[in-house]
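Just query_16.cif here, mmCIF, N, CA, C and O atoms:
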data_structure
loop_
_atom_site.label_atom_id
_atom_site.label_comp_id
_atom_site.auth_asym_id
_atom_site.auth_seq_id
_atom_site.Cartn_x
_atom_site.Cartn_y
_atom_site.Cartn_z
N SER A 1 0.84 -1.19 0.00
CA SER A 1 0.00 0.00 0.00
C SER A 1 0.88 1.25 0.00
O SER A 1 2.05 1.21 0.35
N THR A 2 0.29 2.36 -0.35
CA THR A 2 1.02 3.63 -0.38
C THR A 2 1.52 4.01 1.01
O THR A 2 2.64 4.49 1.16
N GLN A 3 0.71 3.77 2.03
CA GLN A 3 1.10 4.11 3.40
C GLN A 3 2.31 3.27 3.83
O GLN A 3 3.22 3.78 4.47
N SER A 4 2.32 2.00 3.48
CA SER A 4 3.46 1.13 3.82
C SER A 4 4.73 1.60 3.11
O SER A 4 5.81 1.64 3.70
N THR A 5 4.57 1.95 1.85
CA THR A 5 5.72 2.44 1.07
C THR A 5 6.24 3.73 1.67
O THR A 5 7.45 3.92 1.83
N TRP A 6 5.33 4.63 2.01
CA TRP A 6 5.72 5.90 2.61
C TRP A 6 6.43 5.67 3.95
O TRP A 6 7.43 6.31 4.25
N GLY A 7 5.93 4.75 4.77
CA GLY A 7 6.56 4.44 6.05
C GLY A 7 7.96 3.89 5.86
O GLY A 7 8.89 4.25 6.59
N LEU A 8 8.14 3.03 4.87
CA LEU A 8 9.46 2.48 4.57
C LEU A 8 10.40 3.59 4.11
O LEU A 8 11.56 3.65 4.54
N LEU A 9 9.91 4.48 3.27
CA LEU A 9 10.75 5.57 2.77
C LEU A 9 11.18 6.50 3.90
O LEU A 9 12.37 6.82 4.03
N ILE A 10 10.26 6.92 4.73
CA ILE A 10 10.59 7.86 5.80
C ILE A 10 11.52 7.21 6.81
O ILE A 10 12.44 7.84 7.33
N THR A 11 11.34 5.91 7.08
CA THR A 11 12.23 5.18 7.98
C THR A 11 13.63 5.08 7.39
O THR A 11 14.63 5.27 8.09
N SER A 12 13.71 4.84 6.10
CA SER A 12 15.01 4.76 5.43
C SER A 12 15.75 6.09 5.49
O SER A 12 16.95 6.14 5.76
N VAL A 13 15.03 7.16 5.24
CA VAL A 13 15.64 8.50 5.30
C VAL A 13 16.11 8.81 6.72
O VAL A 13 17.22 9.32 6.93
N LEU A 14 15.29 8.48 7.70
CA LEU A 14 15.65 8.70 9.10
C LEU A 14 16.93 7.95 9.46
O LEU A 14 17.87 8.53 10.03
N LEU A 15 17.00 6.68 9.11
CA LEU A 15 18.18 5.89 9.44
C LEU A 15 19.41 6.34 8.68
O LEU A 15 20.52 6.34 9.22
N ALA A 16 19.23 6.75 7.43
CA ALA A 16 20.36 7.27 6.66
C ALA A 16 20.91 8.53 7.31
O ALA A 16 22.14 8.69 7.44
N ALA A 17 20.03 9.40 7.74
CA ALA A 17 20.48 10.63 8.40
C ALA A 17 21.21 10.32 9.71
O ALA A 17 22.26 10.90 10.00
N LYS A 18 20.67 9.40 10.48
CA LYS A 18 21.31 9.04 11.75
C LYS A 18 22.67 8.39 11.53
O LYS A 18 23.60 8.60 12.30
N ALA A 19 22.79 7.60 10.48
CA ALA A 19 24.04 6.89 10.20
C ALA A 19 25.10 7.82 9.62
O ALA A 19 26.29 7.64 9.88
N ARG A 20 24.69 8.82 8.84
CA ARG A 20 25.65 9.65 8.10
C ARG A 20 25.95 11.01 8.75
O ARG A 20 27.01 11.55 8.53
N ASP A 21 25.02 11.55 9.49
CA ASP A 21 25.16 12.91 9.99
C ASP A 21 25.46 12.93 11.48
O ASP A 21 24.95 12.11 12.22
N ASP A 22 26.26 13.91 11.88
CA ASP A 22 26.54 14.08 13.31
C ASP A 22 25.34 14.67 14.03
O ASP A 22 25.11 14.38 15.20
N THR A 23 24.62 15.52 13.35
CA THR A 23 23.38 16.09 13.92
C THR A 23 22.25 15.77 12.96
O THR A 23 22.42 15.81 11.74
N TYR A 24 21.10 15.47 13.50
CA TYR A 24 19.95 15.11 12.67
C TYR A 24 18.68 15.46 13.44
O TYR A 24 18.71 15.70 14.65
N TYR A 25 17.58 15.51 12.73
CA TYR A 25 16.30 15.83 13.34
C TYR A 25 15.79 14.64 14.16
O TYR A 25 16.19 13.50 13.96
N SER A 26 14.89 14.94 15.07
CA SER A 26 14.32 13.91 15.94
C SER A 26 13.34 13.02 15.17
O SER A 26 12.86 13.39 14.10
N ASN A 27 13.04 11.87 15.77
CA ASN A 27 12.03 10.99 15.18
C ASN A 27 10.69 11.71 15.10
O ASN A 27 9.92 11.50 14.16
N GLN A 28 10.41 12.56 16.07
CA GLN A 28 9.16 13.32 16.07
C GLN A 28 9.07 14.20 14.82
O GLN A 28 8.02 14.29 14.20
N TYR A 29 10.16 14.82 14.45
CA TYR A 29 10.21 15.66 13.26
C TYR A 29 9.91 14.82 12.01
O TYR A 29 9.07 15.18 11.19
N TYR A 30 10.60 13.69 11.89
CA TYR A 30 10.39 12.82 10.72
C TYR A 30 8.97 12.26 10.68
O TYR A 30 8.39 12.12 9.61
N SER A 31 8.42 11.95 11.83
CA SER A 31 7.04 11.44 11.83
C SER A 31 6.06 12.53 11.41
O SER A 31 5.10 12.24 10.71
N ALA A 32 6.33 13.77 11.79
CA ALA A 32 5.45 14.87 11.40
C ALA A 32 5.48 15.09 9.88
O ALA A 32 4.43 15.23 9.26
N ILE A 33 6.66 15.11 9.29
CA ILE A 33 6.71 15.33 7.84
C ILE A 33 6.31 14.08 7.07
O ILE A 33 5.90 14.18 5.93
N GLY A 34 6.39 12.93 7.74
CA GLY A 34 6.01 11.68 7.08
C GLY A 34 4.55 11.33 7.20
O GLY A 34 4.06 10.41 6.56
N GLY A 35 3.84 12.06 8.05
CA GLY A 35 2.41 11.81 8.19
C GLY A 35 2.08 10.53 8.92
O GLY A 35 1.02 9.95 8.72
N ILE A 36 3.01 10.07 9.78
CA ILE A 36 2.74 8.89 10.61
C ILE A 36 3.03 9.26 12.05
O ILE A 36 3.72 10.24 12.32
N SER A 37 2.51 8.48 12.98
CA SER A 37 2.73 8.80 14.39
C SER A 37 4.17 8.51 14.79
O SER A 37 4.86 7.69 14.17
N ASN A 38 4.61 9.19 15.81
CA ASN A 38 5.96 8.98 16.33
C ASN A 38 6.12 7.54 16.81
O ASN A 38 7.16 6.91 16.58
N ALA A 39 5.10 7.02 17.46
CA ALA A 39 5.16 5.63 17.95
C ALA A 39 5.31 4.65 16.79
O ALA A 39 6.10 3.70 16.86
N GLU A 40 4.58 4.89 15.69
CA GLU A 40 4.69 4.02 14.52
C GLU A 40 6.07 4.11 13.90
O GLU A 40 6.66 3.10 13.51
N LEU A 41 6.63 5.32 13.81
CA LEU A 41 7.97 5.48 13.24
C LEU A 41 9.00 4.76 14.12
O LEU A 41 9.92 4.12 13.59
N ASN A 42 8.85 4.85 15.42
CA ASN A 42 9.78 4.14 16.32
C ASN A 42 9.73 2.64 16.08
O ASN A 42 10.77 1.97 16.04
N LYS A 43 8.52 2.09 15.91
CA LYS A 43 8.37 0.66 15.63
C LYS A 43 9.00 0.30 14.28
O LYS A 43 9.69 -0.72 14.16
N LEU A 44 8.74 1.14 13.27
CA LEU A 44 9.31 0.88 11.94
C LEU A 44 10.83 0.93 11.97
O LEU A 44 11.50 0.10 11.35
N GLU A 45 11.38 1.88 12.72
CA GLU A 45 12.84 2.00 12.82
C GLU A 45 13.44 0.73 13.44
O GLU A 45 14.40 0.18 12.92
N SER A 46 12.86 0.27 14.52
CA SER A 46 13.36 -0.93 15.19
C SER A 46 13.25 -2.16 14.29
O SER A 46 14.20 -2.93 14.17
N ALA A 47 12.09 -2.33 13.67
CA ALA A 47 11.88 -3.49 12.79
C ALA A 47 12.83 -3.45 11.60
O ALA A 47 13.40 -4.48 11.22
N PHE A 48 13.02 -2.27 11.01
CA PHE A 48 13.90 -2.12 9.86
C PHE A 48 15.33 -2.51 10.24
O PHE A 48 16.00 -3.26 9.50
N LEU A 49 15.80 -2.03 11.38
CA LEU A 49 17.16 -2.36 11.82
C LEU A 49 17.34 -3.85 12.04
O LEU A 49 18.37 -4.42 11.69
N VAL A 50 16.34 -4.50 12.63
CA VAL A 50 16.41 -5.94 12.84
C VAL A 50 16.47 -6.67 11.49
O VAL A 50 17.29 -7.57 11.29
N LEU A 51 15.62 -6.25 10.55
CA LEU A 51 15.57 -6.91 9.24
C LEU A 51 16.88 -6.77 8.46
O LEU A 51 17.26 -7.67 7.72
N ILE A 52 17.57 -5.65 8.62
CA ILE A 52 18.84 -5.46 7.90
C ILE A 52 20.03 -5.85 8.78
O ILE A 52 21.17 -5.57 8.43
N GLU A 53 19.72 -6.50 9.89
CA GLU A 53 20.73 -6.97 10.83
C GLU A 53 21.68 -5.84 11.27
O GLU A 53 22.88 -6.02 11.41
N PHE A 54 21.10 -4.67 11.46
CA PHE A 54 21.80 -3.47 11.94
C PHE A 54 22.98 -3.08 11.05
O PHE A 54 23.87 -2.38 11.47
N SER A 55 22.97 -3.51 9.82
CA SER A 55 24.03 -3.18 8.88
C SER A 55 23.56 -2.02 8.00
O SER A 55 22.76 -2.21 7.08
N LEU A 56 24.06 -0.83 8.27
CA LEU A 56 23.64 0.36 7.55
C LEU A 56 24.58 0.72 6.40
O LEU A 56 24.32 1.66 5.66
N PHE A 57 25.66 -0.02 6.23
CA PHE A 57 26.61 0.26 5.16
C PHE A 57 26.07 -0.26 3.83
O PHE A 57 25.58 -1.38 3.74
N VAL A 58 26.17 0.55 2.80
CA VAL A 58 25.75 0.17 1.45
C VAL A 58 26.92 0.41 0.51
O VAL A 58 27.49 1.50 0.48
N THR A 59 27.28 -0.61 -0.26
CA THR A 59 28.39 -0.44 -1.21
C THR A 59 27.95 0.46 -2.36
O THR A 59 26.77 0.63 -2.63
N SER A 60 28.92 1.04 -3.05
CA SER A 60 28.60 1.89 -4.22
C SER A 60 27.87 1.10 -5.28
O SER A 60 26.96 1.62 -5.93
N GLU A 61 28.25 -0.15 -5.47
CA GLU A 61 27.61 -0.98 -6.48
C GLU A 61 26.13 -1.19 -6.15
O GLU A 61 25.27 -1.08 -7.03
N THR A 62 25.85 -1.51 -4.91
CA THR A 62 24.46 -1.71 -4.49
C THR A 62 23.67 -0.42 -4.64
O THR A 62 22.54 -0.42 -5.14
N PHE A 63 24.26 0.69 -4.24
CA PHE A 63 23.60 1.98 -4.37
C PHE A 63 23.26 2.25 -5.84
O PHE A 63 22.14 2.66 -6.16
N GLU A 64 24.21 2.04 -6.72
CA GLU A 64 23.98 2.30 -8.15
C GLU A 64 22.90 1.39 -8.73
O GLU A 64 22.11 1.82 -9.57
N GLN A 65 22.84 0.14 -8.28
CA GLN A 65 21.81 -0.78 -8.75
C GLN A 65 20.42 -0.28 -8.37
O GLN A 65 19.50 -0.25 -9.18
N TYR A 66 20.27 0.10 -7.11
CA TYR A 66 18.97 0.59 -6.64
C TYR A 66 18.63 1.93 -7.28
O TYR A 66 17.47 2.20 -7.62
N LYS A 67 19.62 2.79 -7.43
CA LYS A 67 19.39 4.08 -8.08
C LYS A 67 18.86 3.87 -9.50
O LYS A 67 17.88 4.50 -9.91
N ALA A 68 19.50 2.99 -10.26
CA ALA A 68 19.07 2.71 -11.64
C ALA A 68 17.64 2.16 -11.66
O ALA A 68 16.81 2.57 -12.48
N PHE A 69 17.34 1.25 -10.73
CA PHE A 69 15.99 0.69 -10.65
C PHE A 69 14.97 1.78 -10.35
O PHE A 69 13.93 1.87 -11.01
N LEU A 70 15.26 2.64 -9.38
CA LEU A 70 14.32 3.70 -9.00
C LEU A 70 14.15 4.73 -10.12
O LEU A 70 13.04 5.21 -10.36
N MET A 71 15.23 5.05 -10.79
CA MET A 71 15.15 6.00 -11.90
C MET A 71 14.29 5.43 -13.03
O MET A 71 13.46 6.13 -13.61
N GLN A 72 14.46 4.15 -13.32
CA GLN A 72 13.67 3.49 -14.36
C GLN A 72 12.20 3.46 -13.96
O GLN A 72 11.31 3.77 -14.74
N HIS A 73 11.95 3.10 -12.70
CA HIS A 73 10.57 3.02 -12.21
C HIS A 73 9.91 4.40 -12.21
O HIS A 73 8.76 4.53 -12.59
N SER A 74 10.65 5.43 -11.78
CA SER A 74 10.05 6.77 -11.71
C SER A 74 9.73 7.30 -13.10
O SER A 74 8.78 8.05 -13.28
N ALA A 75 10.52 6.91 -14.10
CA ALA A 75 10.25 7.34 -15.47
C ALA A 75 8.98 6.69 -16.01
O ALA A 75 8.31 7.25 -16.88
N GLN A 76 8.63 5.53 -15.48
CA GLN A 76 7.45 4.81 -15.95
C GLN A 76 6.20 5.14 -15.15
O GLN A 76 5.11 4.74 -15.50
N THR A 77 6.35 5.86 -14.04
CA THR A 77 5.24 6.12 -13.13
C THR A 77 4.71 7.53 -13.31
O THR A 77 5.47 8.48 -13.39
N ASP A 78 3.41 7.66 -13.35
CA ASP A 78 2.78 8.98 -13.42
C ASP A 78 2.79 9.58 -12.03
O ASP A 78 2.15 9.07 -11.13
N THR A 79 3.53 10.65 -11.82
CA THR A 79 3.63 11.28 -10.50
C THR A 79 2.65 12.41 -10.30
O THR A 79 2.70 13.09 -9.30
N SER A 80 1.72 12.62 -11.24
CA SER A 80 0.77 13.73 -11.10
C SER A 80 -0.26 13.48 -10.01
O SER A 80 -0.95 14.39 -9.60
N HIS A 81 -0.35 12.23 -9.54
CA HIS A 81 -1.32 11.91 -8.49
C HIS A 81 -0.60 11.55 -7.19
O HIS A 81 -0.91 10.57 -6.55
N SER A 82 0.34 12.39 -6.78
CA SER A 82 1.11 12.09 -5.57
C SER A 82 0.21 12.18 -4.34
O SER A 82 -0.76 12.93 -4.32
N SER A 83 0.56 11.41 -3.31
CA SER A 83 -0.23 11.41 -2.09
C SER A 83 0.03 12.68 -1.30
O SER A 83 1.05 13.33 -1.45
N GLN A 84 -0.87 13.04 -0.43
CA GLN A 84 -0.80 14.28 0.32
C GLN A 84 0.46 14.42 1.17
O GLN A 84 1.04 15.49 1.20
N PRO A 85 0.96 13.37 1.83
CA PRO A 85 2.17 13.56 2.63
C PRO A 85 3.38 14.03 1.82
O PRO A 85 4.21 14.73 2.33
N VAL A 86 3.46 13.67 0.54
CA VAL A 86 4.59 14.09 -0.26
C VAL A 86 4.59 15.60 -0.41
O VAL A 86 5.59 16.27 -0.22
N GLY A 87 3.44 16.19 -0.74
CA GLY A 87 3.33 17.64 -0.85
C GLY A 87 3.65 18.31 0.47
O GLY A 87 4.32 19.34 0.52
N PHE A 88 3.17 17.73 1.54
CA PHE A 88 3.44 18.28 2.86
C PHE A 88 4.93 18.22 3.16
O PHE A 88 5.51 19.16 3.69
N ALA A 89 5.58 17.11 2.79
CA ALA A 89 7.01 16.97 3.04
C ALA A 89 7.82 18.02 2.30
O ALA A 89 8.82 18.52 2.81
N VAL A 90 7.38 18.37 1.10
CA VAL A 90 8.09 19.40 0.34
C VAL A 90 8.02 20.72 1.07
O VAL A 90 9.00 21.44 1.21
N LYS A 91 6.84 21.07 1.60
CA LYS A 91 6.71 22.30 2.37
C LYS A 91 7.55 22.23 3.64
O LYS A 91 8.24 23.17 4.01
N ALA A 92 7.47 21.09 4.33
CA ALA A 92 8.16 20.93 5.61
C ALA A 92 9.67 20.90 5.45
O ALA A 92 10.40 21.21 6.38
N GLU A 93 10.14 20.55 4.26
CA GLU A 93 11.57 20.50 4.01
C GLU A 93 12.23 21.84 4.29
O GLU A 93 13.38 21.91 4.69
N HIS A 94 11.49 22.93 4.10
CA HIS A 94 12.04 24.26 4.29
C HIS A 94 11.83 24.79 5.71
O HIS A 94 12.26 25.90 6.01
N ALA A 95 11.18 24.02 6.55
CA ALA A 95 10.99 24.43 7.94
C ALA A 95 12.30 24.29 8.69
O ALA A 95 13.11 23.42 8.41
N HIS A 96 12.52 25.18 9.64
CA HIS A 96 13.78 25.19 10.37
C HIS A 96 13.67 24.62 11.78
O HIS A 96 14.67 24.48 12.47
N SER A 97 12.47 24.29 12.20
CA SER A 97 12.31 23.74 13.54
C SER A 97 11.08 22.85 13.59
O SER A 97 10.23 22.88 12.70
N ASP A 98 10.98 22.07 14.67
CA ASP A 98 9.80 21.22 14.86
C ASP A 98 8.55 22.08 14.98
O ASP A 98 7.48 21.70 14.53
N ASP A 99 8.68 23.28 15.60
CA ASP A 99 7.53 24.17 15.75
C ASP A 99 7.00 24.62 14.39
O ASP A 99 5.79 24.70 14.18
N GLU A 100 7.90 24.90 13.45
CA GLU A 100 7.46 25.30 12.12
C GLU A 100 6.75 24.16 11.41
O GLU A 100 5.79 24.38 10.68
N VAL A 101 7.21 22.93 11.62
CA VAL A 101 6.53 21.78 11.02
C VAL A 101 5.12 21.67 11.60
O VAL A 101 4.16 21.46 10.87
N HIS A 102 4.99 21.84 12.92
CA HIS A 102 3.67 21.76 13.54
C HIS A 102 2.76 22.89 13.04
O HIS A 102 1.56 22.68 12.87
N GLU A 103 3.32 24.07 12.78
CA GLU A 103 2.52 25.15 12.21
C GLU A 103 2.02 24.77 10.82
O GLU A 103 0.87 25.03 10.49
N LEU A 104 2.88 24.15 10.02
CA LEU A 104 2.44 23.69 8.70
C LEU A 104 1.32 22.67 8.83
O LEU A 104 0.38 22.67 8.04
N MET A 105 1.43 21.81 9.83
CA MET A 105 0.41 20.79 10.01
C MET A 105 -0.92 21.43 10.40
O MET A 105 -1.99 20.97 9.99
N GLU A 106 -0.88 22.52 11.18
CA GLU A 106 -2.12 23.21 11.54
C GLU A 106 -2.73 23.89 10.31
O GLU A 106 -3.94 23.95 10.18
N GLU A 107 -1.88 24.37 9.40
CA GLU A 107 -2.37 25.00 8.17
C GLU A 107 -2.97 23.96 7.23
O GLU A 107 -3.85 24.28 6.44
N ASP A 108 -2.50 22.71 7.30
CA ASP A 108 -2.95 21.67 6.39
C ASP A 108 -3.68 20.59 7.19
O ASP A 108 -3.08 19.67 7.70
N PRO A 109 -5.00 20.72 7.34
CA PRO A 109 -5.73 19.77 8.17
C PRO A 109 -5.68 18.33 7.70
O PRO A 109 -5.93 17.42 8.45
N GLY A 110 -5.29 18.08 6.45
CA GLY A 110 -5.19 16.72 5.93
C GLY A 110 -3.92 16.01 6.39
O GLY A 110 -3.81 14.80 6.30
N ALA A 111 -2.93 16.76 6.88
CA ALA A 111 -1.67 16.14 7.33
C ALA A 111 -1.91 15.44 8.65
O ALA A 111 -2.61 15.93 9.51
N GLU A 112 -1.31 14.27 8.79
CA GLU A 112 -1.46 13.49 10.02
C GLU A 112 -0.22 13.64 10.88
O GLU A 112 0.87 13.78 10.39
N CYS A 113 -0.40 13.59 12.18
CA CYS A 113 0.74 13.68 13.10
C CYS A 113 0.94 12.35 13.77
O CYS A 113 0.04 11.63 14.03
#
As a first step, turn the structure in this file into structure tokens.
Amino acid sequence: STQSTWGLLITSVLLAAKARDDTYYSNQYYSAIGGISNAELNKLESAFLVLIEFSLFVTSETFEQYKAFLMQHSAQTDTSHSSQPVGFAVKAEHAHSDDEVHELMEEDPGAEC
């Protein structure tokens, strides 16, 4: 489902940020821009880490394989009907704090927290 895919994507981004960056946003921030609850994101993060056996390293070859697959898939997919959390995430990307994300959520009643 779209919600499952979105949860996987936001969890992947969260873990990538935690693995690569010295400073990163909180799980609460990612759950707000992802349109899922903080509790759900915490569960997804734990389950994802267990499934990948806590191995966050990706070789360049593996990265390029997945990149090629995603680029091919995105070229074949009509993106004009994107789900609401994607639009919200684009707006939230420019927010500088958790408070600004929450303000965006109040402006957009369709966004879930």
Option closest in space to Ile33 of chain A, from A:Ile10, A:Ala75, A:Val58, A:Leu70 [counting all atoms listed in the file]: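 Closest candidate: A:Ile10.
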Take atom CA of Trp6 of chain A and atom CA of Thr59 of chain A and report the distance between them in Å, one decimal. 23.8 Å
To one decimal place, how far is atom O of Leu51 of chain A from atom O of Gln72 of chain A in Å?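 According to the coordinates, atom O of Leu51 of chain A and atom O of Gln72 of chain A are separated by 25.9 Å.
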